[in-house]
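Worksheet: the structure to be examined is printed underneath.
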Amino acid sequence: MALLEIKNIETFYTLIYALRGVSLTVEEGTITAILGNNGAGKSTILKTVMGLLDDQPDKGTIEFMGKRIDGKDPEVIVRMGISYVPEGREVFEELSVKENLLMGAYIRKDRAAIKKDFNQIYKYFPVLKEREEQWAGTLSGGEQQMLAIGRALMNRPKLLFLDEPSLGLSPILVKEIFEIIKTINQEGATILLVEQNARMALSISDIGLIIENGRFVMKGKSKELMEDKDVQEFYMGMRSEESAKGYQRWKRKKRWR
Amino acid sequence: MFLQLVISGISFGSLYALVALAMVIIYKTSEVPNFGQGEMSMLSTFVAYALLVTHSHSFIFSFIGALLFAAALGIFLEFVFLRRAKDPNILSLILITLGFQMMLYGLASWKWGADQRDLPFPVSDFDVINLGTAVISYLNIATILITLVLMFMLFLFFKYTKVGIAMKATQQNVMAARINGIRTNRILSLTWAMSSMIGAVAGILLAPIATLDPNLMLDPLLKGFAAAVLGGMTTLVGAALGGYMLGVIENLFGGYISLEFKSVVAFGIIVLVLCFKPSGLFAKHYVRKV
Ligand SMILES: Nc1ncnc2c1ncn2[C@@H]1O[C@H](COP(=O)(O)OP(=O)(O)OP(=O)(O)O)[C@@H](O)[C@H]1O
Ligand SMILES: [Mg+2]
């Protein structure tokens, strides 16, 4: 069943035309990865769905579990079961780690279960337990990323949005985080992942999509995308040279589809 | 004399601390110094007066009534005026709060006139306890105690309640608060209600020692603002300490140096702090790593 169904949305930042007709279906139980270069519109998709951009999407519809959510406020959307780990962590810097996690469970009332989820998060990220009483702003970047993911999980989401969880992390930590994302998925959450790290993202995801200039230009099974020459060249760093010519060839190819 | 000056300084300082707390709570959420704060307390104090004297209700009833009025007033002003401002910059927000100030001042003058009134307070300003060389009035004691209790309640609220923590979260990062399901608009309303109620308590404690007229809070507002600046505008503890410090310093200045220029101390402190330590004496703000 399609958990999230985005149909042909268009998003503007005042005059900047950021999403130019984006459609996307996220199937329940899967990990879907969105790849693309800086400024392609990846984050904008997530922000639009979360209802964070006033009066957006300008066109198109968004359905979550069969219900329209476009035009709704984030406060409402979160309550329907979508959690969002924003780009750049956005933890509450002057709240303790524990308070940050507590805010993740803000909309819940089931105290006993919340307590259990605290333990679950601390099992994923033991360092957070050590830092429980520390201000989140004093954590390292990687620890803040773990906290942001933990906070989003405290809401027990059906669908989890992750915006560049690997940003600024050491390779070892990236691996660790992606393994945890995989585990989270196996334990029942559907995941929509935005990444620059195409290799990692494709290795754990089921479906991959590539966005350029506010449009998807490619979609496929992640395994197949990993084999694709263009994807390898342009998104997995296997490029022979980073030339303007190469970029144009990609453009041409896109136009043919 | 020293002890006496310190004691009444602490008592006045309590009122400044309350005004400063009220200001800082709003400053942290709406990011604007609310210059209408004083008039909001003044009007609430008049409501207490109307209930108590004009309508002969009990003191407790009038007190609670005034607090409820204060809460409603705070919510109303934020909702009707501040929230309408599209793409507000700090200057336009300050202008809006100055607008509140004039509007409420006008309203009080029209309804109650410029007559000086007395707000009967159940605790006397004339009965005193002897403390060796100094005396402390029952009203001073009540003022100090009520302020401390209120501060303790605020401390508990921000430390242990989910709503209190959510209020801090909203102050720090509105977007992050919203994606965790915090209804930030409600938090904003609650902030204004709380701030306005704290201000009202200050007004009601002040009225028996001052006289109740539309100018009631003019001076205390300035002092409270100075105290908030002294404390760094962003910490509640700083605001409270700033209030007490200002109360005591000002009183000592008035006692030993010049009574006429006592009120200038607050100005002087604002200027000094802004020159030498703009972040305030007590700011423990986490500085965002860029
Ligand atoms: N708040 C904003 N105001 C104006 N333009 C914006 C805003 N946010 C994003 N944009 C523009 O919209 C386009 C898409 O931005 P978006 O943040 O979605 O890119 P992205 O794919 O997430 O990039 P990155 O990988 O660098 O995070 C960019 O051209 C960007 O400049
Ligand atoms: Mg982005």
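Identifiers for the structure tokens are assigned positionally: chains receive A, B, ... in sequence, residues are indexed from 1 per chain, and ligands are indexed from 1 in the order shown.
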
Taking only C-alpha atoms and all ligand atoms into account, which residues have an atom no farther than 10 Å from ligand 1? I'd like them as a compact mmCIF listing (two decimals) with C-alpha atoms, in the first residue's frame.
# COMPACT_ATOMS: atom_id res chain seq x y z
CA THR A 11 6.63 24.68 -4.71
CA PHE A 12 7.78 28.28 -4.80
CA TYR A 13 9.97 30.31 -2.49
CA THR A 14 8.34 33.61 -3.41
CA LEU A 15 9.65 33.85 -6.95
CA ILE A 16 12.02 30.88 -6.97
CA TYR A 17 10.44 27.89 -8.65
CA ALA A 18 11.95 25.13 -6.52
CA LEU A 19 9.78 22.07 -7.26
CA ILE A 34 16.12 10.80 -2.95
CA LEU A 35 19.47 11.78 -4.41
CA GLY A 36 20.56 14.96 -6.08
CA ASN A 37 23.05 17.75 -6.10
CA ASN A 38 23.05 20.88 -3.98
CA GLY A 39 20.02 23.00 -4.61
CA ALA A 40 18.19 20.34 -6.59
CA GLY A 41 15.16 20.53 -4.33
CA LYS A 42 15.55 17.51 -2.05
CA SER A 43 14.99 19.33 1.21
CA THR A 44 12.19 21.31 -0.34
CA ILE A 45 10.23 18.11 -0.98
CA LEU A 46 10.40 17.15 2.69
CA LYS A 47 9.60 20.67 3.90
CA THR A 48 6.64 20.89 1.57
CA LEU A 53 6.34 26.22 3.83
CA GLU A 87 18.83 19.10 7.56
CA GLY A 88 21.31 20.46 10.08
CA ASP A 163 17.39 14.90 5.50
CA GLU A 164 21.09 14.18 4.94
CA LEU A 167 26.20 15.35 6.63
CA VAL A 194 17.40 12.45 1.34
CA GLU A 195 21.12 12.09 0.75
CA GLN A 196 24.21 13.35 -1.00
CA ILE A 211 16.17 14.93 -8.65
CA GLU A 212 17.62 17.75 -10.70
CA ASN A 213 16.42 21.32 -10.85
CA GLY A 214 13.18 20.55 -9.10

Exercise answer, chain A residues close to chain B, 8 Å and only C-alpha atoms, as JSON, numbers by chain:
{"A": [50, 52, 74, 75, 76, 78, 79, 83, 84, 90, 91, 92, 93, 94, 95, 99, 103, 104, 105, 106, 107, 137, 152, 155]}

Just write the chosen residues, N, CA and C atoms, as a PDB file, in the first residue's frame.
ATOM      1  N   MET A  50       5.957  18.291   4.982  1.00  0.00           N
ATOM      2  CA  MET A  50       5.767  18.547   6.416  1.00  0.00           C
ATOM      3  C   MET A  50       4.879  19.756   6.683  1.00  0.00           C
ATOM      4  N   LEU A  52       5.820  22.861   6.250  1.00  0.00           N
ATOM      5  CA  LEU A  52       6.627  23.931   6.839  1.00  0.00           C
ATOM      6  C   LEU A  52       6.671  25.190   5.980  1.00  0.00           C
ATOM      7  N   PRO A  74       2.344  21.633  10.227  1.00  0.00           N
ATOM      8  CA  PRO A  74       3.216  20.561  10.715  1.00  0.00           C
ATOM      9  C   PRO A  74       2.706  19.937  12.018  1.00  0.00           C
ATOM     10  N   GLU A  75       2.117  20.762  12.890  1.00  0.00           N
ATOM     11  CA  GLU A  75       1.612  20.251  14.162  1.00  0.00           C
ATOM     12  C   GLU A  75       0.587  19.137  13.931  1.00  0.00           C
ATOM     13  N   VAL A  76      -0.184  19.290  12.858  1.00  0.00           N
ATOM     14  CA  VAL A  76      -1.217  18.298  12.545  1.00  0.00           C
ATOM     15  C   VAL A  76      -0.582  17.082  11.872  1.00  0.00           C
ATOM     16  N   VAL A  78       2.456  15.928  12.043  1.00  0.00           N
ATOM     17  CA  VAL A  78       3.223  15.115  12.990  1.00  0.00           C
ATOM     18  C   VAL A  78       2.290  14.165  13.737  1.00  0.00           C
ATOM     19  N   ARG A  79       1.123  14.676  14.104  1.00  0.00           N
ATOM     20  CA  ARG A  79       0.179  13.850  14.862  1.00  0.00           C
ATOM     21  C   ARG A  79      -0.382  12.708  14.036  1.00  0.00           C
ATOM     22  N   SER A  83       7.427  11.745  11.126  1.00  0.00           N
ATOM     23  CA  SER A  83       8.476  12.447  11.863  1.00  0.00           C
ATOM     24  C   SER A  83       9.543  12.923  10.896  1.00  0.00           C
ATOM     25  N   TYR A  84      10.213  13.980  11.283  1.00  0.00           N
ATOM     26  CA  TYR A  84      11.123  14.637  10.355  1.00  0.00           C
ATOM     27  C   TYR A  84      12.433  14.967  11.057  1.00  0.00           C
ATOM     28  N   GLU A  90      19.000  20.707  13.985  1.00  0.00           N
ATOM     29  CA  GLU A  90      17.967  21.517  14.638  1.00  0.00           C
ATOM     30  C   GLU A  90      17.518  20.939  15.973  1.00  0.00           C
ATOM     31  N   VAL A  91      18.485  20.535  16.774  1.00  0.00           N
ATOM     32  CA  VAL A  91      18.131  20.118  18.133  1.00  0.00           C
ATOM     33  C   VAL A  91      17.867  21.365  18.970  1.00  0.00           C
ATOM     34  N   PHE A  92      17.232  21.194  20.112  1.00  0.00           N
ATOM     35  CA  PHE A  92      17.032  22.341  21.012  1.00  0.00           C
ATOM     36  C   PHE A  92      18.318  22.522  21.810  1.00  0.00           C
ATOM     37  N   GLU A  93      19.072  23.537  21.449  1.00  0.00           N
ATOM     38  CA  GLU A  93      20.452  23.620  21.934  1.00  0.00           C
ATOM     39  C   GLU A  93      20.556  23.844  23.437  1.00  0.00           C
ATOM     40  N   GLU A  94      19.608  24.566  23.988  1.00  0.00           N
ATOM     41  CA  GLU A  94      19.680  24.830  25.423  1.00  0.00           C
ATOM     42  C   GLU A  94      18.699  23.975  26.221  1.00  0.00           C
ATOM     43  N   LEU A  95      18.372  22.821  25.659  1.00  0.00           N
ATOM     44  CA  LEU A  95      17.673  21.803  26.447  1.00  0.00           C
ATOM     45  C   LEU A  95      18.615  20.617  26.578  1.00  0.00           C
ATOM     46  N   GLU A  99      15.648  16.183  27.711  1.00  0.00           N
ATOM     47  CA  GLU A  99      14.506  17.057  27.407  1.00  0.00           C
ATOM     48  C   GLU A  99      14.224  17.079  25.904  1.00  0.00           C
ATOM     49  N   MET A 103      10.706  16.077  24.227  1.00  0.00           N
ATOM     50  CA  MET A 103       9.946  16.878  23.269  1.00  0.00           C
ATOM     51  C   MET A 103       9.562  16.048  22.043  1.00  0.00           C
ATOM     52  N   GLY A 104      10.408  15.069  21.715  1.00  0.00           N
ATOM     53  CA  GLY A 104      10.067  14.175  20.620  1.00  0.00           C
ATOM     54  C   GLY A 104       8.787  13.406  20.901  1.00  0.00           C
ATOM     55  N   ALA A 105       8.535  13.177  22.198  1.00  0.00           N
ATOM     56  CA  ALA A 105       7.333  12.431  22.586  1.00  0.00           C
ATOM     57  C   ALA A 105       6.226  13.395  23.022  1.00  0.00           C
ATOM     58  N   TYR A 106       6.348  14.651  22.631  1.00  0.00           N
ATOM     59  CA  TYR A 106       5.421  15.681  23.106  1.00  0.00           C
ATOM     60  C   TYR A 106       3.959  15.330  22.880  1.00  0.00           C
ATOM     61  N   ILE A 107       3.675  14.725  21.743  1.00  0.00           N
ATOM     62  CA  ILE A 107       2.265  14.492  21.407  1.00  0.00           C
ATOM     63  C   ILE A 107       1.727  13.203  22.020  1.00  0.00           C
ATOM     64  N   GLY A 137      23.274  21.601  22.669  1.00  0.00           N
ATOM     65  CA  GLY A 137      24.180  22.463  21.915  1.00  0.00           C
ATOM     66  C   GLY A 137      25.645  22.169  22.165  1.00  0.00           C
ATOM     67  N   ALA A 152      13.151  12.220  16.696  1.00  0.00           N
ATOM     68  CA  ALA A 152      12.099  11.921  15.718  1.00  0.00           C
ATOM     69  C   ALA A 152      11.463  10.561  15.995  1.00  0.00           C
ATOM     70  N   ASN A 155       8.466   9.848  18.602  1.00  0.00           N
ATOM     71  CA  ASN A 155       7.092  10.070  18.183  1.00  0.00           C
ATOM     72  C   ASN A 155       6.472   8.772  17.626  1.00  0.00           C
TER      73      ASN A 155
END

Just list as a list in words whatever in segment 133-234 of chain A DSSP marks as strand (DSSP E or B).
Trp135, Leu159, Leu160, Phe161, Leu162, Asp163, Thr190, Ile191, Leu192, Leu193, Val194, Glu195, Ile207, Gly208, Leu209, Ile210, Ile211, Glu212, Arg215, Phe216, Val217, Met218, Lys219, Gly220 and Lys221 of chain A

Output N, CA, C and O atoms of each residue in that selection to a file, as a short mmCIF file (atom, residue, chain, number, x, y, z; two decimals), in the first residue's frame.
data_model
loop_
_atom_site.label_atom_id
_atom_site.label_comp_id
_atom_site.auth_asym_id
_atom_site.auth_seq_id
_atom_site.Cartn_x
_atom_site.Cartn_y
_atom_site.Cartn_z
N TRP A 135 23.50 19.89 27.83
CA TRP A 135 22.81 20.69 26.81
C TRP A 135 23.13 20.15 25.43
O TRP A 135 24.29 19.88 25.10
N LEU A 159 6.04 7.00 9.34
CA LEU A 159 6.89 7.40 8.23
C LEU A 159 7.94 8.37 8.78
O LEU A 159 7.61 9.33 9.48
N LEU A 160 9.21 8.07 8.48
CA LEU A 160 10.30 8.90 9.00
C LEU A 160 11.03 9.58 7.84
O LEU A 160 11.46 8.91 6.90
N PHE A 161 11.13 10.90 7.91
CA PHE A 161 11.90 11.66 6.92
C PHE A 161 13.29 11.93 7.48
O PHE A 161 13.42 12.44 8.59
N LEU A 162 14.29 11.64 6.70
CA LEU A 162 15.66 11.93 7.13
C LEU A 162 16.33 12.81 6.07
O LEU A 162 16.46 12.41 4.92
N ASP A 163 16.74 14.00 6.46
CA ASP A 163 17.39 14.90 5.50
C ASP A 163 18.90 14.91 5.75
O ASP A 163 19.37 15.48 6.72
N THR A 190 8.55 3.14 7.97
CA THR A 190 8.85 3.41 6.57
C THR A 190 9.75 4.65 6.52
O THR A 190 9.58 5.56 7.33
N ILE A 191 10.70 4.65 5.60
CA ILE A 191 11.68 5.74 5.62
C ILE A 191 11.81 6.41 4.26
O ILE A 191 11.89 5.74 3.23
N LEU A 192 11.80 7.75 4.30
CA LEU A 192 12.12 8.53 3.11
C LEU A 192 13.40 9.29 3.43
O LEU A 192 13.45 10.10 4.35
N LEU A 193 14.43 8.99 2.66
CA LEU A 193 15.77 9.44 2.98
C LEU A 193 16.29 10.38 1.89
O LEU A 193 16.22 10.06 0.71
N VAL A 194 16.78 11.53 2.28
CA VAL A 194 17.40 12.45 1.34
C VAL A 194 18.90 12.41 1.58
O VAL A 194 19.33 12.48 2.71
N GLU A 195 19.68 12.25 0.54
CA GLU A 195 21.12 12.09 0.75
C GLU A 195 21.98 12.65 -0.37
O GLU A 195 21.56 12.71 -1.52
N ILE A 207 14.17 1.74 -3.10
CA ILE A 207 13.89 2.53 -4.30
C ILE A 207 14.75 3.79 -4.25
O ILE A 207 14.92 4.37 -3.19
N GLY A 208 15.27 4.19 -5.38
CA GLY A 208 16.02 5.44 -5.43
C GLY A 208 15.45 6.37 -6.48
O GLY A 208 14.95 5.92 -7.52
N LEU A 209 15.47 7.67 -6.18
CA LEU A 209 15.03 8.65 -7.17
C LEU A 209 16.09 9.73 -7.27
O LEU A 209 16.73 10.07 -6.28
N ILE A 210 16.25 10.25 -8.47
CA ILE A 210 17.24 11.31 -8.63
C ILE A 210 16.54 12.58 -9.06
O ILE A 210 15.72 12.58 -10.00
N ILE A 211 16.83 13.65 -8.35
CA ILE A 211 16.17 14.93 -8.65
C ILE A 211 17.20 15.93 -9.16
O ILE A 211 18.35 15.94 -8.72
N GLU A 212 16.77 16.69 -10.15
CA GLU A 212 17.62 17.75 -10.70
C GLU A 212 16.75 18.94 -11.01
O GLU A 212 15.70 18.80 -11.64
N ARG A 215 12.97 18.57 -10.52
CA ARG A 215 12.22 17.48 -11.17
C ARG A 215 12.95 16.16 -10.96
O ARG A 215 14.17 16.13 -10.94
N PHE A 216 12.19 15.09 -10.84
CA PHE A 216 12.85 13.79 -10.83
C PHE A 216 13.28 13.46 -12.25
O PHE A 216 12.50 13.62 -13.20
N VAL A 217 14.51 13.00 -12.38
CA VAL A 217 14.98 12.66 -13.71
C VAL A 217 15.22 11.16 -13.84
O VAL A 217 15.48 10.65 -14.92
N MET A 218 15.13 10.46 -12.72
CA MET A 218 15.41 9.04 -12.78
C MET A 218 14.78 8.36 -11.58
O MET A 218 14.72 8.94 -10.50
N LYS A 219 14.31 7.14 -11.79
CA LYS A 219 13.75 6.40 -10.68
C LYS A 219 13.98 4.93 -10.91
O LYS A 219 13.92 4.48 -12.06
N GLY A 220 14.30 4.19 -9.88
CA GLY A 220 14.50 2.77 -10.10
C GLY A 220 14.77 2.04 -8.81
O GLY A 220 14.84 2.63 -7.74
N LYS A 221 14.90 0.70 -8.94
CA LYS A 221 15.33 -0.07 -7.79
C LYS A 221 16.74 0.37 -7.44
O LYS A 221 17.58 0.57 -8.32
#

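Interatomic distance, atom CA of Tyr138 of chain B to atom CA of Gly247 of chain B: 18.2 Å.
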
Taking 3 positions as the minimum chain separation for residues in the same chain, which residues sit within 7 Å of Ile144 of chain B when counting only C-alpha atoms? Answer as a VMD selection string.
chain B and resid 11 14 140 to 141 147 to 148

Give me the residues within 6 Å of segment 266-280 of chain B as a PyMOL selection string, counting only C-alpha atoms and dropping any in the same chain fewer than 3 places off.
chain B and resi 223+226+230-232+283

Now that the selection is made, can you save its residues with N, CA and C atoms as a PDB file, in the first residue's frame?
ATOM      1  N   LYS B 223      12.632  50.620  35.524  1.00  0.00           N
ATOM      2  CA  LYS B 223      13.552  49.926  36.424  1.00  0.00           C
ATOM      3  C   LYS B 223      13.605  48.444  36.076  1.00  0.00           C
ATOM      4  N   ALA B 226      15.621  48.003  33.053  1.00  0.00           N
ATOM      5  CA  ALA B 226      17.041  48.106  33.391  1.00  0.00           C
ATOM      6  C   ALA B 226      17.533  46.810  34.037  1.00  0.00           C
ATOM      7  N   LEU B 230      20.363  44.384  32.704  1.00  0.00           N
ATOM      8  CA  LEU B 230      21.454  44.026  33.616  1.00  0.00           C
ATOM      9  C   LEU B 230      21.647  42.510  33.636  1.00  0.00           C
ATOM     10  N   GLY B 231      20.551  41.804  33.613  1.00  0.00           N
ATOM     11  CA  GLY B 231      20.625  40.346  33.666  1.00  0.00           C
ATOM     12  C   GLY B 231      20.858  39.714  32.312  1.00  0.00           C
ATOM     13  N   GLY B 232      20.862  40.514  31.253  1.00  0.00           N
ATOM     14  CA  GLY B 232      21.161  39.960  29.943  1.00  0.00           C
ATOM     15  C   GLY B 232      19.944  39.692  29.074  1.00  0.00           C
ATOM     16  N   ALA B 283      24.418  36.475  31.763  1.00  0.00           N
ATOM     17  CA  ALA B 283      24.054  35.679  30.602  1.00  0.00           C
ATOM     18  C   ALA B 283      24.878  34.408  30.564  1.00  0.00           C
TER      19      ALA B 283
END

DSSP-assigned helix (DSSP H, G or I) members of segment 127-234 of chain B, reported as number ranges by chain
B: 138-160, 162-172, 174-179, 184-206, 218-231

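Between atom CA of Pro86 of chain A and atom CA of Gln145 of chain A the separation is 9.6 Å.
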
Residues within 8 Å of Met154 of chain A, please, as a ChimeraX atom specification. Count only C-alpha atoms; anything in the same chain fewer than 4 positions from it doesn't count.
/A:101-102,104-105,114,117-118,121,150

Restricted to all heavy atoms, what would the selected residues look like written as a PDB file, in the first residue's frame?
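Writing done, so here's part_33.pdb:
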ATOM      1  N   LEU A 101      14.652  14.602  23.865  1.00  0.00           N
ATOM      2  CA  LEU A 101      13.932  13.364  23.556  1.00  0.00           C
ATOM      3  C   LEU A 101      12.494  13.437  24.057  1.00  0.00           C
ATOM      4  O   LEU A 101      11.554  12.976  23.406  1.00  0.00           O
ATOM      5  CB  LEU A 101      14.659  12.162  24.167  1.00  0.00           C
ATOM      6  CG  LEU A 101      16.029  11.855  23.543  1.00  0.00           C
ATOM      7  CD1 LEU A 101      16.727  10.740  24.292  1.00  0.00           C
ATOM      8  CD2 LEU A 101      15.880  11.483  22.066  1.00  0.00           C
ATOM      9  N   LEU A 102      12.337  14.068  25.215  1.00  0.00           N
ATOM     10  CA  LEU A 102      10.996  14.229  25.773  1.00  0.00           C
ATOM     11  C   LEU A 102      10.111  15.050  24.828  1.00  0.00           C
ATOM     12  O   LEU A 102       8.930  14.746  24.626  1.00  0.00           O
ATOM     13  CB  LEU A 102      11.089  14.921  27.133  1.00  0.00           C
ATOM     14  CG  LEU A 102       9.830  14.928  27.970  1.00  0.00           C
ATOM     15  CD1 LEU A 102       9.523  13.514  28.430  1.00  0.00           C
ATOM     16  CD2 LEU A 102       9.995  15.848  29.175  1.00  0.00           C
ATOM     17  N   GLY A 104      10.408  15.069  21.715  1.00  0.00           N
ATOM     18  CA  GLY A 104      10.067  14.175  20.620  1.00  0.00           C
ATOM     19  C   GLY A 104       8.787  13.406  20.901  1.00  0.00           C
ATOM     20  O   GLY A 104       8.027  13.067  20.005  1.00  0.00           O
ATOM     21  N   ALA A 105       8.535  13.177  22.198  1.00  0.00           N
ATOM     22  CA  ALA A 105       7.333  12.431  22.586  1.00  0.00           C
ATOM     23  C   ALA A 105       6.226  13.395  23.022  1.00  0.00           C
ATOM     24  O   ALA A 105       5.276  12.985  23.690  1.00  0.00           O
ATOM     25  CB  ALA A 105       7.663  11.467  23.715  1.00  0.00           C
ATOM     26  N   ILE A 114       6.577   5.528  26.664  1.00  0.00           N
ATOM     27  CA  ILE A 114       7.598   6.546  26.397  1.00  0.00           C
ATOM     28  C   ILE A 114       8.902   6.148  27.081  1.00  0.00           C
ATOM     29  O   ILE A 114       9.978   6.232  26.519  1.00  0.00           O
ATOM     30  CB  ILE A 114       7.125   7.936  26.889  1.00  0.00           C
ATOM     31  CG1 ILE A 114       5.987   8.451  26.008  1.00  0.00           C
ATOM     32  CG2 ILE A 114       8.279   8.932  26.878  1.00  0.00           C
ATOM     33  CD1 ILE A 114       5.367   9.742  26.480  1.00  0.00           C
ATOM     34  N   ASP A 117      10.606   3.615  25.161  1.00  0.00           N
ATOM     35  CA  ASP A 117      11.229   4.144  23.947  1.00  0.00           C
ATOM     36  C   ASP A 117      12.527   4.889  24.263  1.00  0.00           C
ATOM     37  O   ASP A 117      13.459   4.864  23.459  1.00  0.00           O
ATOM     38  CB  ASP A 117      10.246   5.064  23.217  1.00  0.00           C
ATOM     39  CG  ASP A 117       9.141   4.260  22.550  1.00  0.00           C
ATOM     40  OD1 ASP A 117       9.210   3.019  22.636  1.00  0.00           O
ATOM     41  OD2 ASP A 117       8.235   4.853  21.953  1.00  0.00           O
ATOM     42  N   PHE A 118      12.568   5.545  25.428  1.00  0.00           N
ATOM     43  CA  PHE A 118      13.825   6.158  25.866  1.00  0.00           C
ATOM     44  C   PHE A 118      14.925   5.102  25.861  1.00  0.00           C
ATOM     45  O   PHE A 118      16.001   5.298  25.303  1.00  0.00           O
ATOM     46  CB  PHE A 118      13.687   6.725  27.287  1.00  0.00           C
ATOM     47  CG  PHE A 118      13.451   8.212  27.328  1.00  0.00           C
ATOM     48  CD1 PHE A 118      12.177   8.727  27.538  1.00  0.00           C
ATOM     49  CD2 PHE A 118      14.510   9.095  27.162  1.00  0.00           C
ATOM     50  CE1 PHE A 118      11.962  10.091  27.563  1.00  0.00           C
ATOM     51  CE2 PHE A 118      14.306  10.462  27.195  1.00  0.00           C
ATOM     52  CZ  PHE A 118      13.030  10.965  27.403  1.00  0.00           C
ATOM     53  N   ILE A 121      15.998   4.126  22.380  1.00  0.00           N
ATOM     54  CA  ILE A 121      16.870   5.131  21.757  1.00  0.00           C
ATOM     55  C   ILE A 121      18.283   5.032  22.342  1.00  0.00           C
ATOM     56  O   ILE A 121      19.279   5.099  21.617  1.00  0.00           O
ATOM     57  CB  ILE A 121      16.341   6.560  22.008  1.00  0.00           C
ATOM     58  CG1 ILE A 121      14.888   6.699  21.563  1.00  0.00           C
ATOM     59  CG2 ILE A 121      17.227   7.600  21.321  1.00  0.00           C
ATOM     60  CD1 ILE A 121      14.653   6.654  20.122  1.00  0.00           C
ATOM     61  N   GLY A 150      16.962  10.296  17.205  1.00  0.00           N
ATOM     62  CA  GLY A 150      16.296   9.764  18.391  1.00  0.00           C
ATOM     63  C   GLY A 150      15.033  10.533  18.706  1.00  0.00           C
ATOM     64  O   GLY A 150      13.979   9.950  18.991  1.00  0.00           O
TER      65      GLY A 150
END

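The residue set within 12 Å of Ser8 of chain B, counting only C-alpha atoms and dropping same-chain residues fewer than 6 places from it, reads Met1, Phe2, Ser14, Leu15, Asp125, Ala134, Val135, Ile136, Ser137, Tyr138, Leu139, Asn140, Ile141, Thr143, Ile144, Ile209, Tyr244, Met245, Leu246, Gly247, Val248, Ile249, Glu250, Asn251, Leu252, Gly254 and Gly255 of chain B.
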
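Between atom CA of Val97 of chain A and atom CA of Glu179 of chain A the separation is 22.1 Å.
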
Residues near Met65 of chain A, cut-off 10 Å, only C-alpha atoms, skip fewer than 6 positions along chain, as a PyMOL selection string:
chain A and resi 1-5+28+80-81+158
